[in-house]
Amino acid sequence: MKLTLPHESRMKSKDFTYGVATAAFQIEGGIEQRLPCIWDTFCEKPDTIADNSNGAIACDHFHLWQQDIEMIKALNVDAYRLSVSWGRVINQDGTVNQSGIQFYLQLLDLLNQYNIKVFITLYHWDLPQYLEDNGGWLNRETAYQFQHYTEQVVNAFGDRVYSYATLNEPFCSAYLGYELGIHAPGIKGKKYGRKAAHHLLLAHGLAMQVLNKHSPKTLNGIVLNFTPAYPATDSESDIAAAKFADDYLNQWYIKPIIDGQYPEILAQLPAAHQPEIFADDLAIISQAIDFLGINYYSRALYQADDVDIYREVKPADAPLTDMGWEIYPQGLTDLLISLNQHYKLPPVYITENGAAMKDTIIDGNVNDVERIAYYQSHLLAVDQAINAGVDIKGYFAWSLMDNFEWAEGYLKRFGIVYVDYLTQQRTVKASGHAFSQLSKDR
């Protein structure tokens, strides 16, 4: 199976960036060469990870990085989006861990040698545990620690990087980690979620100050995830519920960055649930960004709820991924057009899009036709948004290879490359060959 685009699609231009993406904790392993992070601690707690696994080895990318970059090169993509492990490059006293920096420098140098653009994510959820012990993202000081870490990384990496994203999906860090408690550090309570979110957004703004000063030539921005909210019915109450959910779960993270203010529902929240906002915070958060990374996987349906305002309901008879997420490519088009109408957006990159499927390897092949169909429909959804006037510069497949899928452990496979976790053998799936061909054929 091939991935195809309309003949006149702007996504067939060499100027359009195709890439693959990973995150440090999900692939690296090499746990002995870095400080413990909140996910190490979370994995040790009972009933947190579906298969009781951890990230100690993961895909052993720490040792196999060279062959992994050769594999990326062979995929014919333009760019590689990876994250830096904070606890690998910064010691607890704030000094630089030179061996950790050296690990990334050798990666970056080889990627540059192959003319693969490097998109760095500075924070992909792996907060050093010593910072969590001091309150983590509930402690305003963590935002300033992040600013310091950013400066050290940027100065060490020099001119090797094409783009920096400050944070990946602050929604997940704040809401899943400090409100629902289903991600690390596993803290539950509505009084925590908005507070953590505000400090994460402040960290973004403080890091942007560093990037603008020390790395003005790189493309600097942030990566946000969106799960578009649709009403379950066309009743006024369900429409209002979906709007509230959208503001609470999606707009909460983009509106302060683009517009310098939180959604109006802030005033409706109990005082104990509201973040403490200092005088200059929103000015720091809302500095101009060079790009917005958008991660999309699915949509959500909402109906009105007397207690919690909104309640998510599952669509009937919808096609689902192995995560149980509805396959709804129209949601990506709707999202992109809606954001473009509501905000003055910088250039956009689709920084994650993909699907977990039940993959089987037979005679050394993984014929993941369902994933190819997912990519096909979502690439066309991006093309539609471009035709509607959204300035989209690139598309990254999530993910390069199967890996540690957070609370799901190793049970869910998102990769376009299959990983045998016992042998660490990599096998490019049919979707990987199709994605490679799409990029090559331009």
# chains A, B, ... in the order shown; residues from 1 in each chain; ligands from 1
call {"tool": "residues_around", "arguments": {"residues": "region 269-285 of chain A", "least_positions_apart": "4", "cutoff": "7 Å", "atoms": "only C-alpha atoms", "output": "compact mmCIF listing (two decimals) with N, CA, C and O atoms, in the first residue's frame"}}
result
# COMPACT_ATOMS: atom_id res chain seq x y z
N LYS A 190 -8.46 18.63 41.58
CA LYS A 190 -8.70 19.78 40.70
C LYS A 190 -7.97 21.02 41.18
O LYS A 190 -7.72 21.93 40.40
N LYS A 191 -7.61 21.06 42.44
CA LYS A 191 -6.89 22.23 42.94
C LYS A 191 -5.44 22.26 42.48
O LYS A 191 -4.75 23.25 42.68
N TYR A 192 -4.97 21.17 41.86
CA TYR A 192 -3.57 21.10 41.43
C TYR A 192 -3.38 21.32 39.92
O TYR A 192 -2.36 21.85 39.50
N ARG A 194 -4.67 23.25 37.40
CA ARG A 194 -4.48 24.58 36.79
C ARG A 194 -3.19 25.23 37.29
O ARG A 194 -2.54 25.99 36.56
N LYS A 195 -2.85 24.94 38.55
CA LYS A 195 -1.62 25.50 39.12
C LYS A 195 -0.40 24.96 38.37
O LYS A 195 0.50 25.70 37.98
N HIS A 198 -0.23 26.44 34.87
CA HIS A 198 0.28 27.82 34.82
C HIS A 198 1.80 27.85 34.95
O HIS A 198 2.48 28.59 34.22
N LEU A 201 3.32 26.76 31.65
CA LEU A 201 3.26 27.82 30.64
C LEU A 201 4.24 28.94 30.97
O LEU A 201 4.87 29.51 30.05
N LEU A 202 4.41 29.23 32.25
CA LEU A 202 5.42 30.21 32.66
C LEU A 202 6.82 29.72 32.27
O LEU A 202 7.65 30.48 31.76
N HIS A 204 7.53 27.78 29.81
CA HIS A 204 7.63 27.99 28.36
C HIS A 204 8.07 29.42 28.05
O HIS A 204 9.00 29.65 27.27
N GLY A 205 7.41 30.38 28.67
CA GLY A 205 7.74 31.78 28.41
C GLY A 205 9.15 32.15 28.82
O GLY A 205 9.87 32.84 28.10
N LEU A 206 9.56 31.66 29.98
CA LEU A 206 10.92 31.93 30.45
C LEU A 206 11.96 31.29 29.53
O LEU A 206 13.01 31.87 29.25
N PRO A 256 -3.45 31.56 26.38
CA PRO A 256 -2.47 32.43 27.05
C PRO A 256 -1.24 32.69 26.19
O PRO A 256 -0.65 33.78 26.27
N ILE A 257 -0.85 31.72 25.36
CA ILE A 257 0.35 31.87 24.53
C ILE A 257 0.10 32.85 23.38
O ILE A 257 0.92 33.72 23.10
N GLY A 260 -2.50 35.99 25.35
CA GLY A 260 -2.09 36.58 26.62
C GLY A 260 -3.16 36.56 27.69
O GLY A 260 -3.11 37.37 28.63
N GLN A 261 -4.10 35.65 27.57
CA GLN A 261 -5.14 35.52 28.61
C GLN A 261 -5.69 34.10 28.63
O GLN A 261 -5.63 33.39 27.63
N ILE A 265 -13.70 30.97 31.23
CA ILE A 265 -14.17 30.04 32.26
C ILE A 265 -13.30 30.07 33.51
O ILE A 265 -13.69 29.54 34.55
call {"tool": "residues_around", "arguments": {"residues": "Glu169 (chain A)", "least_positions_apart": "6", "cutoff": "6 Å", "atoms": "only C-alpha atoms", "output": "count of residues only"}}
result
3
call {"tool": "closest_residue", "arguments": {"among": "A:Thr351, A:Thr333, A:Gln129, A:Gln425", "to": "Asn387 (chain A)", "atoms": "only C-alpha atoms"}}
result
A:Thr333
call {"tool": "residues_around", "arguments": {"residues": "Tyr343 (chain A)", "least_positions_apart": "2", "cutoff": "10 Å", "atoms": "only C-alpha atoms", "output": "list in words"}}
result
Ile254, Lys255, Ile258, Asp259, Ser338, Leu339, Asn340, Gln341, Leu345 and Pro346 of chain A
call {"tool": "write_last_selection", "arguments": {"atoms": "N, CA and C atoms", "output": "PDB file, in the first residue's frame"}}
result
ATOM      1  N   ILE A 254      -3.425  27.138  24.671  1.00  0.00           N
ATOM      2  CA  ILE A 254      -3.026  27.984  23.532  1.00  0.00           C
ATOM      3  C   ILE A 254      -3.406  29.452  23.750  1.00  0.00           C
ATOM      4  N   LYS A 255      -4.517  29.705  24.379  1.00  0.00           N
ATOM      5  CA  LYS A 255      -4.996  31.090  24.484  1.00  0.00           C
ATOM      6  C   LYS A 255      -4.024  31.997  25.259  1.00  0.00           C
ATOM      7  N   ILE A 258      -1.044  32.717  22.728  1.00  0.00           N
ATOM      8  CA  ILE A 258      -1.327  33.558  21.555  1.00  0.00           C
ATOM      9  C   ILE A 258      -1.992  34.874  21.955  1.00  0.00           C
ATOM     10  N   ASP A 259      -2.943  34.813  22.889  1.00  0.00           N
ATOM     11  CA  ASP A 259      -3.736  36.005  23.239  1.00  0.00           C
ATOM     12  C   ASP A 259      -3.349  36.652  24.567  1.00  0.00           C
ATOM     13  N   SER A 338     -10.301  25.725  12.623  1.00  0.00           N
ATOM     14  CA  SER A 338     -10.849  26.454  13.768  1.00  0.00           C
ATOM     15  C   SER A 338      -9.775  27.287  14.471  1.00  0.00           C
ATOM     16  N   LEU A 339      -8.624  26.679  14.734  1.00  0.00           N
ATOM     17  CA  LEU A 339      -7.536  27.418  15.388  1.00  0.00           C
ATOM     18  C   LEU A 339      -7.094  28.604  14.533  1.00  0.00           C
ATOM     19  N   ASN A 340      -7.047  28.384  13.227  1.00  0.00           N
ATOM     20  CA  ASN A 340      -6.620  29.447  12.315  1.00  0.00           C
ATOM     21  C   ASN A 340      -7.621  30.597  12.280  1.00  0.00           C
ATOM     22  N   GLN A 341      -8.890  30.286  12.511  1.00  0.00           N
ATOM     23  CA  GLN A 341      -9.929  31.323  12.546  1.00  0.00           C
ATOM     24  C   GLN A 341      -9.917  32.092  13.865  1.00  0.00           C
ATOM     25  N   LEU A 345      -2.177  32.690  14.146  1.00  0.00           N
ATOM     26  CA  LEU A 345      -1.217  31.602  14.324  1.00  0.00           C
ATOM     27  C   LEU A 345       0.110  31.883  13.624  1.00  0.00           C
ATOM     28  N   PRO A 346       1.198  31.428  14.236  1.00  0.00           N
ATOM     29  CA  PRO A 346       2.469  31.377  13.496  1.00  0.00           C
ATOM     30  C   PRO A 346       2.415  30.172  12.561  1.00  0.00           C
TER      31      PRO A 346
END
call {"tool": "residues_around", "arguments": {"residues": "region 8-23 of chain A", "least_positions_apart": "4", "cutoff": "7 Å", "atoms": "only C-alpha atoms", "output": "list in words"}}
result
Ile27, Val77, Asp78, Ala79, Tyr80, Arg81, Leu82, Ser83, His124, Asp383, Lys393, Gly394, Tyr395, Phe396, Ala397, Trp398, Ser399, Leu400, Ser439 and Arg442 of chain A
call {"tool": "write_last_selection", "arguments": {"atoms": "N, CA and C atoms", "output": "mmCIF file, in the first residue's frame"}}
result
data_model
loop_
_atom_site.group_PDB
_atom_site.id
_atom_site.type_symbol
_atom_site.label_atom_id
_atom_site.label_comp_id
_atom_site.auth_asym_id
_atom_site.auth_seq_id
_atom_site.Cartn_x
_atom_site.Cartn_y
_atom_site.Cartn_z
ATOM 1 N N ILE A 27 12.306 5.913 24.705
ATOM 2 C CA ILE A 27 13.213 5.081 23.886
ATOM 3 C C ILE A 27 14.608 4.883 24.469
ATOM 4 N N VAL A 77 13.472 10.721 5.418
ATOM 5 C CA VAL A 77 12.735 11.864 5.964
ATOM 6 C C VAL A 77 13.640 13.084 6.065
ATOM 7 N N ASP A 78 13.006 14.246 6.191
ATOM 8 C CA ASP A 78 13.745 15.510 6.250
ATOM 9 C C ASP A 78 14.202 15.854 7.654
ATOM 10 N N ALA A 79 13.479 15.341 8.674
ATOM 11 C CA ALA A 79 13.679 15.845 10.028
ATOM 12 C C ALA A 79 13.452 14.756 11.071
ATOM 13 N N TYR A 80 14.081 14.947 12.201
ATOM 14 C CA TYR A 80 13.909 14.054 13.344
ATOM 15 C C TYR A 80 13.611 14.897 14.573
ATOM 16 N N ARG A 81 12.481 14.626 15.185
ATOM 17 C CA ARG A 81 12.071 15.330 16.404
ATOM 18 C C ARG A 81 12.368 14.423 17.596
ATOM 19 N N LEU A 82 13.253 14.886 18.478
ATOM 20 C CA LEU A 82 13.629 14.114 19.658
ATOM 21 C C LEU A 82 13.607 15.006 20.882
ATOM 22 N N SER A 83 13.527 14.401 22.058
ATOM 23 C CA SER A 83 13.565 15.214 23.270
ATOM 24 C C SER A 83 14.847 14.961 24.035
ATOM 25 N N HIS A 124 9.794 16.671 27.591
ATOM 26 C CA HIS A 124 8.766 15.685 27.223
ATOM 27 C C HIS A 124 8.470 14.822 28.453
ATOM 28 N N ASP A 383 -3.916 18.169 4.237
ATOM 29 C CA ASP A 383 -3.956 18.801 2.915
ATOM 30 C C ASP A 383 -5.191 19.689 2.766
ATOM 31 N N LYS A 393 3.630 23.703 7.717
ATOM 32 C CA LYS A 393 4.961 23.558 7.121
ATOM 33 C C LYS A 393 5.499 22.131 7.143
ATOM 34 N N GLY A 394 4.908 21.260 7.975
ATOM 35 C CA GLY A 394 5.484 19.925 8.068
ATOM 36 C C GLY A 394 4.601 18.957 8.823
ATOM 37 N N TYR A 395 4.989 17.686 8.756
ATOM 38 C CA TYR A 395 4.196 16.604 9.355
ATOM 39 C C TYR A 395 5.156 15.542 9.885
ATOM 40 N N PHE A 396 5.008 15.214 11.169
ATOM 41 C CA PHE A 396 5.845 14.209 11.816
ATOM 42 C C PHE A 396 4.998 13.002 12.202
ATOM 43 N N ALA A 397 5.456 11.837 11.801
ATOM 44 C CA ALA A 397 4.786 10.598 12.180
ATOM 45 C C ALA A 397 5.157 10.251 13.621
ATOM 46 N N TRP A 398 4.131 9.921 14.410
ATOM 47 C CA TRP A 398 4.383 9.376 15.747
ATOM 48 C C TRP A 398 4.036 7.900 15.697
ATOM 49 N N SER A 399 5.010 7.054 15.962
ATOM 50 C CA SER A 399 6.363 7.466 16.294
ATOM 51 C C SER A 399 7.339 6.705 15.408
ATOM 52 N N LEU A 400 8.622 7.100 15.527
ATOM 53 C CA LEU A 400 9.644 6.394 14.759
ATOM 54 C C LEU A 400 9.555 4.891 15.015
ATOM 55 N N SER A 439 7.823 10.531 1.284
ATOM 56 C CA SER A 439 8.818 11.597 1.421
ATOM 57 C C SER A 439 9.784 11.602 0.231
ATOM 58 N N ARG A 442 8.793 13.145 -3.601
ATOM 59 C CA ARG A 442 8.555 14.563 -3.908
ATOM 60 C C ARG A 442 9.569 15.081 -4.928
#
call {"tool": "closest_residue", "arguments": {"among": "A:Val210, A:Ala229, A:Ile116, A:Leu320", "to": "Ile72 (chain A)", "atoms": "only C-alpha atoms"}}
result
A:Ile116
call {"tool": "closest_residue", "arguments": {"among": "A:Gly186, A:Lys429, A:Val89, A:Gly136", "to": "Glu44 (chain A)", "atoms": "only C-alpha atoms"}}
result
A:Gly186
call {"tool": "select_by_dssp", "arguments": {"residues": "region 133-180 of chain A", "states": "strand (DSSP E)", "output": "list in words"}}
result
Ser163, Tyr164, Ala165, Thr166, Leu167 and Asn168 of chain A
call {"tool": "atom_distance", "arguments": {"atom1": "CA of Ala58 (chain A)", "atom2": "CA of Thr427 (chain A)"}}
result
15.9 Å
call {"tool": "residues_around", "arguments": {"residues": "Ile327 (chain A)", "least_positions_apart": "6", "cutoff": "8 Å", "atoms": "only C-alpha atoms", "output": "VMD selection string"}}
result
chain A and resid 297 to 298 318 to 321 374
call {"tool": "closest_residue", "arguments": {"among": "A:Ala267, A:Val382, A:Leu131, A:Ile309", "to": "Ile239 (chain A)", "atoms": "only C-alpha atoms"}}
result
A:Ile309
call {"tool": "closest_residue", "arguments": {"among": "A:Asp368, A:Asp40, A:Glu264, A:Glu312", "to": "Pro128 (chain A)", "atoms": "only C-alpha atoms"}}
result
A:Asp40
call {"tool": "residues_around", "arguments": {"residues": "region 144-152 of chain A", "least_positions_apart": "6", "cutoff": "10 Å", "atoms": "only C-alpha atoms", "output": "PDB file with N, CA and C atoms, in the first residue's frame"}}
result
ATOM      1  N   TRP A  86      16.254  15.897  30.701  1.00  0.00           N
ATOM      2  CA  TRP A  86      16.743  16.947  31.613  1.00  0.00           C
ATOM      3  C   TRP A  86      17.759  16.350  32.594  1.00  0.00           C
ATOM      4  N   GLY A  87      17.421  15.218  33.192  1.00  0.00           N
ATOM      5  CA  GLY A  87      18.285  14.605  34.198  1.00  0.00           C
ATOM      6  C   GLY A  87      19.523  13.935  33.638  1.00  0.00           C
ATOM      7  N   VAL A  89      21.444  15.658  31.343  1.00  0.00           N
ATOM      8  CA  VAL A  89      22.373  16.735  30.968  1.00  0.00           C
ATOM      9  C   VAL A  89      22.642  17.753  32.082  1.00  0.00           C
ATOM     10  N   ILE A  90      21.802  17.752  33.123  1.00  0.00           N
ATOM     11  CA  ILE A  90      21.991  18.706  34.223  1.00  0.00           C
ATOM     12  C   ILE A  90      22.106  17.944  35.536  1.00  0.00           C
ATOM     13  N   ASN A  91      23.139  18.229  36.304  1.00  0.00           N
ATOM     14  CA  ASN A  91      23.302  17.638  37.632  1.00  0.00           C
ATOM     15  C   ASN A  91      22.374  18.324  38.635  1.00  0.00           C
ATOM     16  N   GLY A  94      22.801  21.914  39.414  1.00  0.00           N
ATOM     17  CA  GLY A  94      22.618  22.865  38.323  1.00  0.00           C
ATOM     18  C   GLY A  94      23.767  22.914  37.333  1.00  0.00           C
ATOM     19  N   THR A  95      24.845  22.219  37.621  1.00  0.00           N
ATOM     20  CA  THR A  95      25.962  22.181  36.681  1.00  0.00           C
ATOM     21  C   THR A  95      25.650  21.220  35.534  1.00  0.00           C
ATOM     22  N   VAL A  96      26.426  21.351  34.476  1.00  0.00           N
ATOM     23  CA  VAL A  96      26.206  20.530  33.286  1.00  0.00           C
ATOM     24  C   VAL A  96      26.862  19.156  33.464  1.00  0.00           C
ATOM     25  N   ILE A 101      25.642  15.584  27.924  1.00  0.00           N
ATOM     26  CA  ILE A 101      25.668  16.504  26.777  1.00  0.00           C
ATOM     27  C   ILE A 101      26.341  15.823  25.588  1.00  0.00           C
ATOM     28  N   LEU A 122      12.533  20.287  24.490  1.00  0.00           N
ATOM     29  CA  LEU A 122      13.299  20.435  25.732  1.00  0.00           C
ATOM     30  C   LEU A 122      12.649  19.700  26.899  1.00  0.00           C
ATOM     31  N   TYR A 123      11.326  19.586  26.892  1.00  0.00           N
ATOM     32  CA  TYR A 123      10.655  18.889  27.994  1.00  0.00           C
ATOM     33  C   TYR A 123       9.557  17.985  27.466  1.00  0.00           C
ATOM     34  N   LEU A 127      10.440  15.059  34.277  1.00  0.00           N
ATOM     35  CA  LEU A 127      10.969  15.995  35.279  1.00  0.00           C
ATOM     36  C   LEU A 127      11.900  15.254  36.244  1.00  0.00           C
ATOM     37  N   LEU A 131      13.438  17.650  41.646  1.00  0.00           N
ATOM     38  CA  LEU A 131      12.586  18.837  41.499  1.00  0.00           C
ATOM     39  C   LEU A 131      11.159  18.525  41.944  1.00  0.00           C
ATOM     40  N   TYR A 164      13.662  24.439  18.253  1.00  0.00           N
ATOM     41  CA  TYR A 164      13.430  24.084  19.660  1.00  0.00           C
ATOM     42  C   TYR A 164      11.949  24.237  20.004  1.00  0.00           C
ATOM     43  N   THR A 166       9.787  24.254  23.471  1.00  0.00           N
ATOM     44  CA  THR A 166       9.994  24.317  24.922  1.00  0.00           C
ATOM     45  C   THR A 166       9.392  23.090  25.603  1.00  0.00           C
ATOM     46  N   HIS A 199       2.335  27.036  35.821  1.00  0.00           N
ATOM     47  CA  HIS A 199       3.797  27.030  35.988  1.00  0.00           C
ATOM     48  C   HIS A 199       4.494  26.445  34.760  1.00  0.00           C
ATOM     49  N   LEU A 200       3.855  25.463  34.112  1.00  0.00           N
ATOM     50  CA  LEU A 200       4.399  24.937  32.849  1.00  0.00           C
ATOM     51  C   LEU A 200       4.412  26.015  31.776  1.00  0.00           C
ATOM     52  N   LEU A 202       4.413  29.233  32.255  1.00  0.00           N
ATOM     53  CA  LEU A 202       5.421  30.213  32.659  1.00  0.00           C
ATOM     54  C   LEU A 202       6.819  29.716  32.268  1.00  0.00           C
ATOM     55  N   ALA A 203       7.068  28.419  32.472  1.00  0.00           N
ATOM     56  CA  ALA A 203       8.349  27.828  32.084  1.00  0.00           C
ATOM     57  C   ALA A 203       8.580  27.987  30.587  1.00  0.00           C
ATOM     58  N   HIS A 204       7.528  27.778  29.808  1.00  0.00           N
ATOM     59  CA  HIS A 204       7.629  27.993  28.360  1.00  0.00           C
ATOM     60  C   HIS A 204       8.072  29.421  28.053  1.00  0.00           C
ATOM     61  N   GLY A 205       7.413  30.383  28.670  1.00  0.00           N
ATOM     62  CA  GLY A 205       7.737  31.783  28.408  1.00  0.00           C
ATOM     63  C   GLY A 205       9.153  32.147  28.819  1.00  0.00           C
ATOM     64  N   LEU A 206       9.562  31.659  29.979  1.00  0.00           N
ATOM     65  CA  LEU A 206      10.924  31.931  30.451  1.00  0.00           C
ATOM     66  C   LEU A 206      11.958  31.286  29.527  1.00  0.00           C
ATOM     67  N   ALA A 207      11.652  30.095  29.036  1.00  0.00           N
ATOM     68  CA  ALA A 207      12.568  29.429  28.105  1.00  0.00           C
ATOM     69  C   ALA A 207      12.619  30.158  26.771  1.00  0.00           C
ATOM     70  N   MET A 208      11.482  30.705  26.325  1.00  0.00           N
ATOM     71  CA  MET A 208      11.471  31.472  25.078  1.00  0.00           C
ATOM     72  C   MET A 208      12.393  32.696  25.183  1.00  0.00           C
ATOM     73  N   GLN A 209      12.447  33.311  26.366  1.00  0.00           N
ATOM     74  CA  GLN A 209      13.364  34.437  26.556  1.00  0.00           C
ATOM     75  C   GLN A 209      14.808  33.996  26.310  1.00  0.00           C
ATOM     76  N   VAL A 210      15.163  32.834  26.823  1.00  0.00           N
ATOM     77  CA  VAL A 210      16.509  32.294  26.639  1.00  0.00           C
ATOM     78  C   VAL A 210      16.766  31.973  25.165  1.00  0.00           C
ATOM     79  N   LEU A 211      15.787  31.323  24.531  1.00  0.00           N
ATOM     80  CA  LEU A 211      15.946  30.935  23.123  1.00  0.00           C
ATOM     81  C   LEU A 211      16.099  32.163  22.231  1.00  0.00           C
ATOM     82  N   LYS A 213      17.303  34.978  23.021  1.00  0.00           N
ATOM     83  CA  LYS A 213      18.586  35.640  23.291  1.00  0.00           C
ATOM     84  C   LYS A 213      19.769  34.800  22.794  1.00  0.00           C
ATOM     85  N   HIS A 214      19.747  33.497  23.088  1.00  0.00           N
ATOM     86  CA  HIS A 214      20.920  32.654  22.832  1.00  0.00           C
ATOM     87  C   HIS A 214      20.819  31.825  21.550  1.00  0.00           C
ATOM     88  N   SER A 215      19.603  31.707  21.008  1.00  0.00           N
ATOM     89  CA  SER A 215      19.445  30.903  19.787  1.00  0.00           C
ATOM     90  C   SER A 215      18.409  31.537  18.860  1.00  0.00           C
TER      91      SER A 215
END
call {"tool": "atom_distance", "arguments": {"atom1": "CA of Cys59 (chain A)", "atom2": "CA of Gly177 (chain A)"}}
result
23.7 Å
call {"tool": "residues_around", "arguments": {"residues": "Thr233 (chain A)", "least_positions_apart": "3", "cutoff": "9 Å", "atoms": "only C-alpha atoms", "output": "VMD selection string"}}
result
chain A and resid 230 236 to 239 301 to 303
call {"tool": "closest_residue", "arguments": {"among": "A:Leu75, A:Leu336, A:Ile372, A:Ala56", "to": "Gln437 (chain A)", "atoms": "only C-alpha atoms"}}
result
A:Leu75
call {"tool": "decode", "arguments": {"residues": "region 224-242 of chain A", "atoms": "N, CA and C atoms", "output": "short mmCIF file (atom, residue, chain, number, x, y, z; two decimals), in the first residue's frame"}}
result
data_model
loop_
_atom_site.label_atom_id
_atom_site.label_comp_id
_atom_site.auth_asym_id
_atom_site.auth_seq_id
_atom_site.Cartn_x
_atom_site.Cartn_y
_atom_site.Cartn_z
N LEU A 224 1.65 21.66 21.38
CA LEU A 224 0.41 21.47 22.14
C LEU A 224 -0.39 20.33 21.52
N ASN A 225 -1.05 19.56 22.37
CA ASN A 225 -1.95 18.52 21.86
C ASN A 225 -3.39 19.01 21.95
N PHE A 226 -4.18 18.60 20.99
CA PHE A 226 -5.59 18.98 20.95
C PHE A 226 -6.45 17.75 20.70
N THR A 227 -7.50 17.63 21.49
CA THR A 227 -8.54 16.63 21.25
C THR A 227 -9.83 17.42 21.05
N PRO A 228 -10.18 17.75 19.79
CA PRO A 228 -11.32 18.62 19.54
C PRO A 228 -12.58 18.10 20.22
N ALA A 229 -13.34 19.03 20.78
CA ALA A 229 -14.54 18.70 21.54
C ALA A 229 -15.79 18.89 20.68
N TYR A 230 -16.57 17.84 20.53
CA TYR A 230 -17.82 17.89 19.78
C TYR A 230 -18.99 17.58 20.71
N PRO A 231 -20.12 18.28 20.54
CA PRO A 231 -21.29 17.94 21.35
C PRO A 231 -21.87 16.59 20.93
N ALA A 232 -22.35 15.82 21.91
CA ALA A 232 -22.92 14.50 21.62
C ALA A 232 -24.22 14.62 20.83
N THR A 233 -24.96 15.70 21.09
CA THR A 233 -26.19 15.98 20.34
C THR A 233 -26.18 17.45 19.99
N ASP A 234 -27.20 17.91 19.26
CA ASP A 234 -27.26 19.34 18.93
C ASP A 234 -28.09 20.12 19.94
N SER A 235 -28.29 19.55 21.14
CA SER A 235 -29.00 20.28 22.20
C SER A 235 -28.12 21.41 22.71
N GLU A 236 -28.77 22.48 23.17
CA GLU A 236 -28.01 23.63 23.68
C GLU A 236 -27.12 23.23 24.85
N SER A 237 -27.62 22.34 25.70
CA SER A 237 -26.85 21.95 26.89
C SER A 237 -25.59 21.17 26.50
N ASP A 238 -25.69 20.30 25.50
CA ASP A 238 -24.52 19.54 25.07
C ASP A 238 -23.52 20.44 24.34
N ILE A 239 -24.03 21.39 23.56
CA ILE A 239 -23.15 22.34 22.86
C ILE A 239 -22.37 23.17 23.89
N ALA A 240 -23.06 23.61 24.94
CA ALA A 240 -22.41 24.39 26.00
C ALA A 240 -21.39 23.54 26.75
N ALA A 241 -21.73 22.28 26.99
CA ALA A 241 -20.81 21.37 27.70
C ALA A 241 -19.54 21.15 26.88
N ALA A 242 -19.70 20.94 25.57
CA ALA A 242 -18.53 20.74 24.71
C ALA A 242 -17.66 21.99 24.66
#
